[in-house]
>>> print(open('structure02.pdb').read())   # PDB, C-alpha atoms
MODEL        1
ATOM      1  CA  MET A   1      49.501  -2.620  -4.695  1.00  0.00           C
ATOM      2  CA  LYS A   2      50.080  -2.422  -8.492  1.00  0.00           C
ATOM      3  CA  LYS A   3      46.571  -3.809  -9.045  1.00  0.00           C
ATOM      4  CA  LEU A   4      45.062  -1.220  -6.711  1.00  0.00           C
ATOM      5  CA  LEU A   5      46.904   1.636  -8.446  1.00  0.00           C
ATOM      6  CA  PHE A   6      45.708   0.371 -11.832  1.00  0.00           C
ATOM      7  CA  ILE A   7      42.111   0.252 -10.589  1.00  0.00           C
ATOM      8  CA  VAL A   8      42.366   3.778  -9.212  1.00  0.00           C
ATOM      9  CA  ALA A   9      43.732   5.132 -12.495  1.00  0.00           C
ATOM     10  CA  ALA A  10      40.978   3.440 -14.464  1.00  0.00           C
ATOM     11  CA  MET A  11      38.421   4.589 -11.944  1.00  0.00           C
ATOM     12  CA  PHE A  12      39.266   8.272 -12.314  1.00  0.00           C
ATOM     13  CA  ALA A  13      39.138   7.994 -16.094  1.00  0.00           C
ATOM     14  CA  ALA A  14      35.706   6.428 -15.894  1.00  0.00           C
ATOM     15  CA  VAL A  15      34.408   8.959 -13.403  1.00  0.00           C
ATOM     16  CA  SER A  16      35.589  11.807 -15.623  1.00  0.00           C
ATOM     17  CA  PHE A  17      33.852  10.563 -18.742  1.00  0.00           C
ATOM     18  CA  SER A  18      31.127   8.122 -17.734  1.00  0.00           C
ATOM     19  CA  SER A  19      29.882   8.876 -14.235  1.00  0.00           C
ATOM     20  CA  CYS A  20      26.532  10.145 -15.503  1.00  0.00           C
ATOM     21  CA  ASP A  21      25.908   7.348 -17.976  1.00  0.00           C
ATOM     22  CA  LYS A  22      22.994   4.984 -17.532  1.00  0.00           C
ATOM     23  CA  ASP A  23      23.149   1.524 -19.049  1.00  0.00           C
ATOM     24  CA  ASP A  24      20.875  -1.480 -19.199  1.00  0.00           C
ATOM     25  CA  ASP A  25      23.008  -3.556 -16.818  1.00  0.00           C
ATOM     26  CA  ASN A  26      22.790  -0.883 -14.124  1.00  0.00           C
ATOM     27  CA  LYS A  27      19.016  -0.656 -14.448  1.00  0.00           C
ATOM     28  CA  ASP A  28      18.698  -4.413 -13.985  1.00  0.00           C
ATOM     29  CA  ASP A  29      20.280  -4.231 -10.518  1.00  0.00           C
ATOM     30  CA  ASP A  30      17.567  -2.023  -9.048  1.00  0.00           C
ATOM     31  CA  ASN A  31      15.415  -4.958  -7.942  1.00  0.00           C
ATOM     32  CA  GLY A  32      12.511  -3.330  -9.711  1.00  0.00           C
ATOM     33  CA  GLY A  33      12.653  -0.075  -7.766  1.00  0.00           C
ATOM     34  CA  GLY A  34      14.287   2.186 -10.301  1.00  0.00           C
ATOM     35  CA  SER A  35      15.930   5.562  -9.708  1.00  0.00           C
ATOM     36  CA  ASP A  36      16.398   8.864 -11.498  1.00  0.00           C
ATOM     37  CA  PHE A  37      20.012   9.036 -10.346  1.00  0.00           C
ATOM     38  CA  ALA A  38      22.724   7.588 -12.571  1.00  0.00           C
ATOM     39  CA  ARG A  39      25.198   5.077 -11.223  1.00  0.00           C
ATOM     40  CA  PRO A  40      28.922   5.456 -11.802  1.00  0.00           C
ATOM     41  CA  ALA A  41      30.202   3.214 -14.557  1.00  0.00           C
ATOM     42  CA  LEU A  42      32.305   0.189 -13.611  1.00  0.00           C
ATOM     43  CA  PRO A  43      35.836   0.324 -15.108  1.00  0.00           C
ATOM     44  CA  ASP A  44      35.921  -3.419 -14.416  1.00  0.00           C
ATOM     45  CA  PRO A  45      32.420  -4.863 -14.988  1.00  0.00           C
ATOM     46  CA  ASN A  46      33.343  -7.830 -12.787  1.00  0.00           C
ATOM     47  CA  ASP A  47      34.326  -5.694  -9.805  1.00  0.00           C
ATOM     48  CA  VAL A  48      31.813  -3.345  -8.159  1.00  0.00           C
ATOM     49  CA  CYS A  49      34.630  -1.738  -6.134  1.00  0.00           C
ATOM     50  CA  SER A  50      36.353  -0.529  -9.289  1.00  0.00           C
ATOM     51  CA  CYS A  51      34.151   2.598  -9.440  1.00  0.00           C
ATOM     52  CA  MET A  52      34.884   3.730  -5.878  1.00  0.00           C
ATOM     53  CA  ASP A  53      36.639   7.087  -5.598  1.00  0.00           C
ATOM     54  CA  ASP A  54      37.465   6.745  -1.889  1.00  0.00           C
ATOM     55  CA  LEU A  55      40.416   4.452  -1.183  1.00  0.00           C
ATOM     56  CA  VAL A  56      39.327   3.848   2.411  1.00  0.00           C
ATOM     57  CA  PHE A  57      35.876   2.672   1.316  1.00  0.00           C
ATOM     58  CA  MET A  58      37.431   0.615  -1.489  1.00  0.00           C
ATOM     59  CA  LYS A  59      39.829  -1.101   0.936  1.00  0.00           C
ATOM     60  CA  TYR A  60      36.965  -1.797   3.372  1.00  0.00           C
ATOM     61  CA  CYS A  61      34.913  -3.421   0.620  1.00  0.00           C
ATOM     62  CA  TYR A  62      37.735  -5.644  -0.620  1.00  0.00           C
ATOM     63  CA  GLU A  63      38.595  -6.743   2.909  1.00  0.00           C
ATOM     64  CA  ASN A  64      35.012  -7.523   3.894  1.00  0.00           C
ATOM     65  CA  PHE A  65      33.185  -8.591   0.734  1.00  0.00           C
ATOM     66  CA  ASP A  66      35.744 -10.311  -1.510  1.00  0.00           C
ATOM     67  CA  VAL A  67      34.646 -13.744  -0.304  1.00  0.00           C
ATOM     68  CA  ASN A  68      36.655 -15.845  -2.758  1.00  0.00           C
ATOM     69  CA  LYS A  69      39.757 -13.653  -2.366  1.00  0.00           C
ATOM     70  CA  ASP A  70      40.286 -13.099  -6.081  1.00  0.00           C
ATOM     71  CA  GLY A  71      40.958  -9.384  -5.650  1.00  0.00           C
ATOM     72  CA  LYS A  72      37.494  -8.377  -6.885  1.00  0.00           C
ATOM     73  CA  VAL A  73      34.008  -7.958  -5.445  1.00  0.00           C
ATOM     74  CA  SER A  74      31.663  -9.470  -8.002  1.00  0.00           C
ATOM     75  CA  LYS A  75      28.011  -8.521  -8.330  1.00  0.00           C
ATOM     76  CA  THR A  76      27.143 -11.879  -6.785  1.00  0.00           C
ATOM     77  CA  GLU A  77      29.313 -11.099  -3.765  1.00  0.00           C
ATOM     78  CA  ALA A  78      27.860  -7.579  -3.574  1.00  0.00           C
ATOM     79  CA  ASN A  79      24.317  -8.980  -3.681  1.00  0.00           C
ATOM     80  CA  ALA A  80      25.052 -10.915  -0.474  1.00  0.00           C
ATOM     81  CA  VAL A  81      25.896  -7.773   1.515  1.00  0.00           C
ATOM     82  CA  THR A  82      23.187  -6.628   3.936  1.00  0.00           C
ATOM     83  CA  LYS A  83      25.219  -4.365   6.240  1.00  0.00           C
ATOM     84  CA  ILE A  84      27.991  -1.814   5.801  1.00  0.00           C
ATOM     85  CA  ASP A  85      29.524  -0.836   9.133  1.00  0.00           C
ATOM     86  CA  LEU A  86      31.910   2.111   8.911  1.00  0.00           C
ATOM     87  CA  GLY A  87      30.995   3.750  12.195  1.00  0.00           C
ATOM     88  CA  ASP A  88      32.559   4.114  15.612  1.00  0.00           C
ATOM     89  CA  ASN A  89      31.527   1.294  17.951  1.00  0.00           C
ATOM     90  CA  ASP A  90      32.817  -1.070  20.633  1.00  0.00           C
ATOM     91  CA  TYR A  91      35.253  -2.904  18.356  1.00  0.00           C
ATOM     92  CA  GLN A  92      36.423  -0.278  15.850  1.00  0.00           C
ATOM     93  CA  ASP A  93      36.991   3.424  15.321  1.00  0.00           C
ATOM     94  CA  ALA A  94      35.053   5.137  12.551  1.00  0.00           C
ATOM     95  CA  TYR A  95      36.537   4.723   9.092  1.00  0.00           C
ATOM     96  CA  ASP A  96      38.045   7.855   7.574  1.00  0.00           C
ATOM     97  CA  VAL A  97      35.781   7.791   4.519  1.00  0.00           C
ATOM     98  CA  LYS A  98      34.866  10.877   2.523  1.00  0.00           C
ATOM     99  CA  THR A  99      32.457   9.468  -0.075  1.00  0.00           C
ATOM    100  CA  LEU A 100      30.568   6.213  -0.580  1.00  0.00           C
ATOM    101  CA  THR A 101      30.567   6.148  -4.366  1.00  0.00           C
ATOM    102  CA  GLY A 102      29.743   2.600  -5.424  1.00  0.00           C
ATOM    103  CA  ILE A 103      27.372   1.816  -2.569  1.00  0.00           C
ATOM    104  CA  CYS A 104      24.638   1.704  -5.216  1.00  0.00           C
ATOM    105  CA  TYR A 105      25.996  -1.693  -6.313  1.00  0.00           C
ATOM    106  CA  PHE A 106      24.916  -3.316  -3.031  1.00  0.00           C
ATOM    107  CA  PRO A 107      21.196  -3.702  -3.821  1.00  0.00           C
ATOM    108  CA  ASN A 108      20.378  -5.837  -0.764  1.00  0.00           C
ATOM    109  CA  LEU A 109      21.960  -3.499   1.749  1.00  0.00           C
ATOM    110  CA  GLU A 110      19.649  -3.099   4.746  1.00  0.00           C
ATOM    111  CA  ILE A 111      21.797  -1.330   7.347  1.00  0.00           C
ATOM    112  CA  ILE A 112      24.324   1.492   6.936  1.00  0.00           C
ATOM    113  CA  ASP A 113      26.321   2.732   9.933  1.00  0.00           C
ATOM    114  CA  CYS A 114      28.524   5.813   9.527  1.00  0.00           C
ATOM    115  CA  TYR A 115      28.497   7.042  13.128  1.00  0.00           C
ATOM    116  CA  ARG A 116      31.295   9.604  13.633  1.00  0.00           C
ATOM    117  CA  CYS A 117      32.603   9.345  10.072  1.00  0.00           C
ATOM    118  CA  LYS A 118      33.650  12.969  10.402  1.00  0.00           C
ATOM    119  CA  ARG A 119      35.075  13.424   6.889  1.00  0.00           C
ATOM    120  CA  LEU A 120      32.064  11.969   5.069  1.00  0.00           C
ATOM    121  CA  THR A 121      30.712  14.676   2.752  1.00  0.00           C
ATOM    122  CA  SER A 122      28.012  13.059   0.609  1.00  0.00           C
ATOM    123  CA  VAL A 123      25.943   9.885   0.414  1.00  0.00           C
ATOM    124  CA  ASP A 124      23.587   8.643  -2.314  1.00  0.00           C
ATOM    125  CA  LEU A 125      21.420   5.726  -1.155  1.00  0.00           C
ATOM    126  CA  SER A 126      18.822   6.118  -3.885  1.00  0.00           C
ATOM    127  CA  HIS A 127      19.508   2.629  -5.299  1.00  0.00           C
ATOM    128  CA  ASN A 128      19.613   0.859  -1.919  1.00  0.00           C
ATOM    129  CA  LEU A 129      15.948  -0.034  -1.851  1.00  0.00           C
ATOM    130  CA  LYS A 130      16.189  -2.634   0.907  1.00  0.00           C
ATOM    131  CA  ILE A 131      16.929   0.082   3.463  1.00  0.00           C
ATOM    132  CA  THR A 132      13.661   0.685   5.297  1.00  0.00           C
ATOM    133  CA  GLU A 133      14.996   2.569   8.325  1.00  0.00           C
ATOM    134  CA  ILE A 134      17.773   5.060   8.938  1.00  0.00           C
ATOM    135  CA  GLN A 135      19.073   3.558  12.154  1.00  0.00           C
ATOM    136  CA  ASP A 136      19.758   5.254  15.479  1.00  0.00           C
ATOM    137  CA  GLN A 137      22.972   7.311  15.085  1.00  0.00           C
ATOM    138  CA  ALA A 138      23.490   6.057  11.526  1.00  0.00           C
ATOM    139  CA  PHE A 139      24.926   9.435  10.454  1.00  0.00           C
ATOM    140  CA  ALA A 140      25.305  11.103  13.850  1.00  0.00           C
ATOM    141  CA  ALA A 141      28.387  13.282  14.321  1.00  0.00           C
ATOM    142  CA  CYS A 142      29.158  13.230  10.580  1.00  0.00           C
ATOM    143  CA  SER A 143      30.210  16.842  10.891  1.00  0.00           C
ATOM    144  CA  ASP A 144      31.203  17.319   7.216  1.00  0.00           C
ATOM    145  CA  LEU A 145      28.090  15.684   5.741  1.00  0.00           C
ATOM    146  CA  LYS A 146      26.505  18.210   3.386  1.00  0.00           C
ATOM    147  CA  SER A 147      24.374  16.049   1.117  1.00  0.00           C
ATOM    148  CA  ILE A 148      22.453  12.796   1.448  1.00  0.00           C
ATOM    149  CA  ILE A 149      19.878  11.146  -0.820  1.00  0.00           C
ATOM    150  CA  LEU A 150      17.621   8.667   0.966  1.00  0.00           C
ATOM    151  CA  PRO A 151      15.997   5.755  -0.867  1.00  0.00           C
ATOM    152  CA  ASN A 152      12.272   5.671  -1.562  1.00  0.00           C
ATOM    153  CA  SER A 153      12.013   2.626   0.684  1.00  0.00           C
ATOM    154  CA  VAL A 154      12.700   4.328   4.025  1.00  0.00           C
ATOM    155  CA  THR A 155       9.709   4.364   6.366  1.00  0.00           C
ATOM    156  CA  TRP A 156      11.312   5.438   9.657  1.00  0.00           C
ATOM    157  CA  ILE A 157      14.064   7.877  10.546  1.00  0.00           C
ATOM    158  CA  ARG A 158      15.218   6.750  13.977  1.00  0.00           C
ATOM    159  CA  GLU A 159      16.400   8.673  17.043  1.00  0.00           C
ATOM    160  CA  ASN A 160      19.654  10.594  16.586  1.00  0.00           C
ATOM    161  CA  ALA A 161      19.919   9.452  12.963  1.00  0.00           C
ATOM    162  CA  PHE A 162      21.522  12.740  11.907  1.00  0.00           C
ATOM    163  CA  TYR A 163      22.420  14.031  15.376  1.00  0.00           C
ATOM    164  CA  ASN A 164      25.000  16.834  15.126  1.00  0.00           C
ATOM    165  CA  CYS A 165      25.385  16.696  11.333  1.00  0.00           C
ATOM    166  CA  SER A 166      26.574  20.271  11.541  1.00  0.00           C
ATOM    167  CA  SER A 167      27.219  20.796   7.819  1.00  0.00           C
ATOM    168  CA  LEU A 168      23.924  19.422   6.490  1.00  0.00           C
ATOM    169  CA  THR A 169      22.005  22.231   4.760  1.00  0.00           C
ATOM    170  CA  ASP A 170      19.051  20.436   3.167  1.00  0.00           C
ATOM    171  CA  ILE A 171      17.418  17.038   3.026  1.00  0.00           C
ATOM    172  CA  THR A 172      14.544  15.408   1.179  1.00  0.00           C
ATOM    173  CA  ILE A 173      12.241  13.136   3.174  1.00  0.00           C
ATOM    174  CA  PRO A 174      11.063  10.338   0.837  1.00  0.00           C
ATOM    175  CA  ASN A 175       7.378   9.771   0.227  1.00  0.00           C
ATOM    176  CA  SER A 176       7.648   6.400   1.968  1.00  0.00           C
ATOM    177  CA  VAL A 177       8.521   7.872   5.395  1.00  0.00           C
ATOM    178  CA  THR A 178       5.807   7.431   8.036  1.00  0.00           C
ATOM    179  CA  ARG A 179       7.683   8.452  11.203  1.00  0.00           C
ATOM    180  CA  ILE A 180      10.530  10.751  12.227  1.00  0.00           C
ATOM    181  CA  LYS A 181      11.733   9.982  15.738  1.00  0.00           C
ATOM    182  CA  ASN A 182      12.995  12.240  18.542  1.00  0.00           C
ATOM    183  CA  LEU A 183      16.314  14.031  17.997  1.00  0.00           C
ATOM    184  CA  ALA A 184      16.564  12.694  14.442  1.00  0.00           C
ATOM    185  CA  PHE A 185      18.018  16.001  13.238  1.00  0.00           C
ATOM    186  CA  TYR A 186      19.072  17.456  16.594  1.00  0.00           C
ATOM    187  CA  GLY A 187      21.995  19.828  16.288  1.00  0.00           C
ATOM    188  CA  CYS A 188      21.912  20.078  12.483  1.00  0.00           C
ATOM    189  CA  SER A 189      22.591  23.760  12.944  1.00  0.00           C
ATOM    190  CA  LYS A 190      22.810  24.588   9.220  1.00  0.00           C
ATOM    191  CA  LEU A 191      19.761  22.615   8.139  1.00  0.00           C
ATOM    192  CA  LYS A 192      17.680  25.305   6.447  1.00  0.00           C
ATOM    193  CA  GLU A 193      15.552  23.428   3.932  1.00  0.00           C
ATOM    194  CA  ILE A 194      13.582  20.243   4.563  1.00  0.00           C
ATOM    195  CA  TYR A 195      11.703  18.849   1.563  1.00  0.00           C
ATOM    196  CA  CYS A 196       9.032  16.574   2.990  1.00  0.00           C
ATOM    197  CA  THR A 197       7.406  14.716   0.101  1.00  0.00           C
ATOM    198  CA  PRO A 198       4.767  12.489   1.831  1.00  0.00           C
ATOM    199  CA  THR A 199       1.218  13.576   1.055  1.00  0.00           C
ATOM    200  CA  ASN A 200       0.124  12.553   4.549  1.00  0.00           C
ATOM    201  CA  PRO A 201       2.267  14.116   7.294  1.00  0.00           C
ATOM    202  CA  PRO A 202       4.512  11.488   8.890  1.00  0.00           C
ATOM    203  CA  THR A 203       4.311  11.064  12.646  1.00  0.00           C
ATOM    204  CA  LEU A 204       6.765  13.643  13.957  1.00  0.00           C
ATOM    205  CA  ASP A 205       8.158  13.214  17.452  1.00  0.00           C
ATOM    206  CA  GLY A 206       8.481  16.376  19.492  1.00  0.00           C
ATOM    207  CA  THR A 207      12.242  16.932  19.408  1.00  0.00           C
ATOM    208  CA  ALA A 208      12.953  15.661  15.882  1.00  0.00           C
ATOM    209  CA  PHE A 209      13.874  19.150  14.630  1.00  0.00           C
ATOM    210  CA  SER A 210      15.371  20.550  17.843  1.00  0.00           C
ATOM    211  CA  SER A 211      18.405  22.831  17.527  1.00  0.00           C
ATOM    212  CA  ILE A 212      18.412  23.079  13.750  1.00  0.00           C
ATOM    213  CA  ALA A 213      18.792  26.358  11.843  1.00  0.00           C
ATOM    214  CA  ASP A 214      16.602  29.284  12.857  1.00  0.00           C
ATOM    215  CA  ASN A 215      13.741  29.959  10.438  1.00  0.00           C
ATOM    216  CA  PHE A 216      14.284  26.748   8.497  1.00  0.00           C
ATOM    217  CA  ILE A 217      11.735  26.118   5.741  1.00  0.00           C
ATOM    218  CA  LEU A 218       9.579  23.001   5.483  1.00  0.00           C
ATOM    219  CA  TYR A 219       8.594  22.344   1.884  1.00  0.00           C
ATOM    220  CA  VAL A 220       5.584  20.013   1.641  1.00  0.00           C
ATOM    221  CA  PRO A 221       3.266  18.983  -1.235  1.00  0.00           C
ATOM    222  CA  SER A 222       1.166  21.988  -2.220  1.00  0.00           C
ATOM    223  CA  ALA A 223      -2.080  20.078  -1.805  1.00  0.00           C
ATOM    224  CA  SER A 224      -1.075  19.028   1.724  1.00  0.00           C
ATOM    225  CA  VAL A 225      -0.083  22.365   3.249  1.00  0.00           C
ATOM    226  CA  ASN A 226      -3.136  22.571   5.481  1.00  0.00           C
ATOM    227  CA  ASN A 227      -2.733  18.947   6.565  1.00  0.00           C
ATOM    228  CA  TYR A 228       0.789  19.673   7.749  1.00  0.00           C
ATOM    229  CA  LYS A 229      -0.099  22.968   9.401  1.00  0.00           C
ATOM    230  CA  THR A 230      -2.756  21.277  11.526  1.00  0.00           C
ATOM    231  CA  ALA A 231      -1.027  17.955  12.242  1.00  0.00           C
ATOM    232  CA  ASP A 232       0.362  17.178  15.692  1.00  0.00           C
ATOM    233  CA  VAL A 233       3.845  18.628  16.207  1.00  0.00           C
ATOM    234  CA  TRP A 234       4.028  19.834  12.594  1.00  0.00           C
ATOM    235  CA  LYS A 235       1.691  22.682  13.562  1.00  0.00           C
ATOM    236  CA  ARG A 236       4.478  24.138  15.707  1.00  0.00           C
ATOM    237  CA  TYR A 237       6.166  25.025  12.431  1.00  0.00           C
ATOM    238  CA  ALA A 238       3.055  26.294  10.627  1.00  0.00           C
ATOM    239  CA  ASP A 239       4.692  29.610   9.730  1.00  0.00           C
ATOM    240  CA  GLN A 240       7.610  27.776   8.130  1.00  0.00           C
ATOM    241  CA  ILE A 241       5.576  25.335   6.030  1.00  0.00           C
ATOM    242  CA  VAL A 242       5.540  26.188   2.331  1.00  0.00           C
ATOM    243  CA  GLY A 243       3.790  24.418  -0.544  1.00  0.00           C
ATOM    244  CA  TYR A 244       6.014  22.825  -3.179  1.00  0.00           C
ATOM    245  CA  ASP A 245       5.263  20.956  -6.410  1.00  0.00           C
ATOM    246  CA  PHE A 246       7.403  17.839  -6.186  1.00  0.00           C
TER     247      PHE A 246
ENDMDL
END
>>> encode(input="structure02.pdb", output="structure tokens")
Amino acid sequence: MKKLLFIVAAMFAAVSFSSCDKDDDNKDDDNGGGSDFARPALPDPNDVCSCMDDLVFMKYCYENFDVNKDGKVSKTEANAVTKIDLGDNDYQDAYDVKTLTGICYFPNLEIIDCYRCKRLTSVDLSHNLKITEIQDQAFAACSDLKSIILPNSVTWIRENAFYNCSSLTDITIPNSVTRIKNLAFYGCSKLKEIYCTPTNPPTLDGTAFSSIADNFILYVPSASVNNYKTADVWKRYADQIVGYDF
């Protein structure tokens, strides 16, 4: 417990003064993908969990990824992680996490499950470049989720991915996305701004945007406005499509 309290104290000091710093070591962990978003500094450079500002997420990571049981999750141990499962399922209730600060240090993460993590407020996956799909129900029923940054590796947003994310107000669809499945954003009642960066309109299933905010705005690349306005399903929202210089 003393060790955990020490880490937390150091963590808050680092977040206060260094959370926006970029350093060479952090850039090296991107697997060549790169990102414009800074990573939080590591108070303990040998422990990726030392930057986490959510004690529930920190505890989960130590319990699941500290393979050699030395009280730290090294970068080598973090590199072996392909799945983070915090969601409600047959064998566990959803974890009571609020933020996932530090998830950027798991560069080989492929699957993230936060189903019914009701207190989760923000997620930055911009460094998790092995994630190619946002899975079915990955962030469904995350009722406090206001902000999420998807990586530029995502190609599909699956059914119910953000189902009933009732606090989500805006989202950016990465340029890599080729398909958005049915009910992906169903019930995101406050979702008012969708920034869709692909030049070619992704395949959009018919109910992907059902029950989101009235008169939401679809921002698309300025040169692609007509493509979106005439594409299948997208043309339903022709009056809401606006050109944007990304």
>>> atom_distance(input="structure02.pdb", atom1="atom CA of A:Arg158", atom2="atom CA of A:Glu77")
28.8 Å
>>> resolve_selection(input="structure02.pdb", expression="the PyMOL selection byres ((chain A and resi 101-116) around 6)", output="list in words")
Cys51, Met52, Ala78, Asn79, Val81, Thr82, Lys83, Ile84, Asp85, Leu86, Gly87, Asp88, Ala94, Thr99, Leu100, Cys117, Lys118, His127, Asn128, Lys130, Ile131, Gln137, Ala138, Phe139, Ala140, Ala141 and Cys142 of chain A
>>> closest_residue(input="structure02.pdb", among="A:Lys229, A:Ala238, A:Leu168, A:Tyr163", to="A:Thr207", atoms="all atoms listed in the file")
A:Tyr163
>>> residues_near_point(input="structure02.pdb", point="(29.2, 21.3, 8.3)", cutoff="8 Å", atoms="only C-alpha atoms", output="ChimeraX atom specification")
/A:143-146,165-168,190
>>> atom_distance(input="structure02.pdb", atom1="atom CA of A:Ala184", atom2="atom CA of A:Leu204")
9.9 Å
>>> closest_residue(input="structure02.pdb", among="A:Asp170, A:Gly187, A:Pro40, A:Ser176", to="A:Leu129", atoms="all atoms listed in the file")
A:Ser176
>>> resolve_selection(input="structure02.pdb", expression="the PyMOL selection byres ((chain A and resi 241) around 9)", output="PDB file with C-alpha atoms, keeping the file's coordinate frame")
ATOM      1  CA  ILE A 217      11.735  26.118   5.741  1.00  0.00           C
ATOM      2  CA  LEU A 218       9.579  23.001   5.483  1.00  0.00           C
ATOM      3  CA  TYR A 219       8.594  22.344   1.884  1.00  0.00           C
ATOM      4  CA  VAL A 220       5.584  20.013   1.641  1.00  0.00           C
ATOM      5  CA  VAL A 225      -0.083  22.365   3.249  1.00  0.00           C
ATOM      6  CA  TYR A 228       0.789  19.673   7.749  1.00  0.00           C
ATOM      7  CA  LYS A 229      -0.099  22.968   9.401  1.00  0.00           C
ATOM      8  CA  TRP A 234       4.028  19.834  12.594  1.00  0.00           C
ATOM      9  CA  LYS A 235       1.691  22.682  13.562  1.00  0.00           C
ATOM     10  CA  TYR A 237       6.166  25.025  12.431  1.00  0.00           C
ATOM     11  CA  ALA A 238       3.055  26.294  10.627  1.00  0.00           C
ATOM     12  CA  ASP A 239       4.692  29.610   9.730  1.00  0.00           C
ATOM     13  CA  GLN A 240       7.610  27.776   8.130  1.00  0.00           C
ATOM     14  CA  VAL A 242       5.540  26.188   2.331  1.00  0.00           C
ATOM     15  CA  GLY A 243       3.790  24.418  -0.544  1.00  0.00           C
TER      16      GLY A 243
END
>>> closest_residue(input="structure02.pdb", among="A:Cys188, A:Cys196, A:Ala38, A:Leu120", to="A:Asp214", atoms="all atoms listed in the file")
A:Cys188
>>> atom_distance(input="structure02.pdb", atom1="atom CA of A:Ile194", atom2="atom CA of A:Arg119")
22.7 Å
>>> closest_residue(input="structure02.pdb", among="A:Phe57, A:Ser210, A:Asn200, A:Thr169", to="A:Tyr186", atoms="all atoms listed in the file")
A:Ser210
>>> resolve_selection(input="structure02.pdb", expression="the PyMOL selection byres ((chain A and resi 58) around 10)", output="PyMOL selection string")
chain A and resi 4+8+48-57+59-63+97+100-102
>>> write_last_selection(input="structure02.pdb", atoms="C-alpha atoms", output="short mmCIF file (atom, residue, chain, number, x, y, z; two decimals), in the frame of the given file")
data_model
loop_
_atom_site.label_atom_id
_atom_site.label_comp_id
_atom_site.auth_asym_id
_atom_site.auth_seq_id
_atom_site.Cartn_x
_atom_site.Cartn_y
_atom_site.Cartn_z
CA LEU A 4 45.06 -1.22 -6.71
CA VAL A 8 42.37 3.78 -9.21
CA VAL A 48 31.81 -3.34 -8.16
CA CYS A 49 34.63 -1.74 -6.13
CA SER A 50 36.35 -0.53 -9.29
CA CYS A 51 34.15 2.60 -9.44
CA MET A 52 34.88 3.73 -5.88
CA ASP A 53 36.64 7.09 -5.60
CA ASP A 54 37.47 6.74 -1.89
CA LEU A 55 40.42 4.45 -1.18
CA VAL A 56 39.33 3.85 2.41
CA PHE A 57 35.88 2.67 1.32
CA LYS A 59 39.83 -1.10 0.94
CA TYR A 60 36.97 -1.80 3.37
CA CYS A 61 34.91 -3.42 0.62
CA TYR A 62 37.74 -5.64 -0.62
CA GLU A 63 38.60 -6.74 2.91
CA VAL A 97 35.78 7.79 4.52
CA LEU A 100 30.57 6.21 -0.58
CA THR A 101 30.57 6.15 -4.37
CA GLY A 102 29.74 2.60 -5.42
#
>>> closest_residue(input="structure02.pdb", among="A:Thr199, A:Ser74, A:Ser211, A:Thr178", to="A:Asn226", atoms="only C-alpha atoms")
A:Thr199
>>> decode(input="structure02.pdb", residues="stretch 41-64 of chain A", atoms="C-alpha atoms", output="compact mmCIF listing (two decimals), in the first residue's frame")
# COMPACT_ATOMS: atom_id res chain seq x y z
CA ALA A 41 5.35 11.29 -18.65
CA LEU A 42 6.30 8.22 -16.61
CA PRO A 43 7.24 9.09 -12.99
CA ASP A 44 8.92 5.68 -12.95
CA PRO A 45 10.42 4.99 -16.41
CA ASN A 46 10.39 1.27 -15.63
CA ASP A 47 6.68 1.16 -14.83
CA VAL A 48 4.08 2.15 -17.44
CA CYS A 49 1.36 2.12 -14.75
CA SER A 50 3.07 4.91 -12.84
CA CYS A 51 1.43 7.59 -15.03
CA MET A 52 -2.13 6.34 -14.51
CA ASP A 53 -4.45 8.79 -12.78
CA ASP A 54 -7.25 6.27 -12.19
CA LEU A 55 -6.59 3.90 -9.28
CA VAL A 56 -9.05 1.31 -10.59
CA PHE A 57 -7.30 1.15 -13.97
CA MET A 58 -3.90 1.12 -12.25
CA LYS A 59 -4.93 -1.79 -10.00
CA TYR A 60 -6.32 -3.69 -13.01
CA CYS A 61 -3.05 -3.27 -14.89
CA TYR A 62 -0.86 -4.42 -12.00
CA GLU A 63 -3.07 -7.44 -11.36
CA ASN A 64 -3.21 -8.52 -15.00
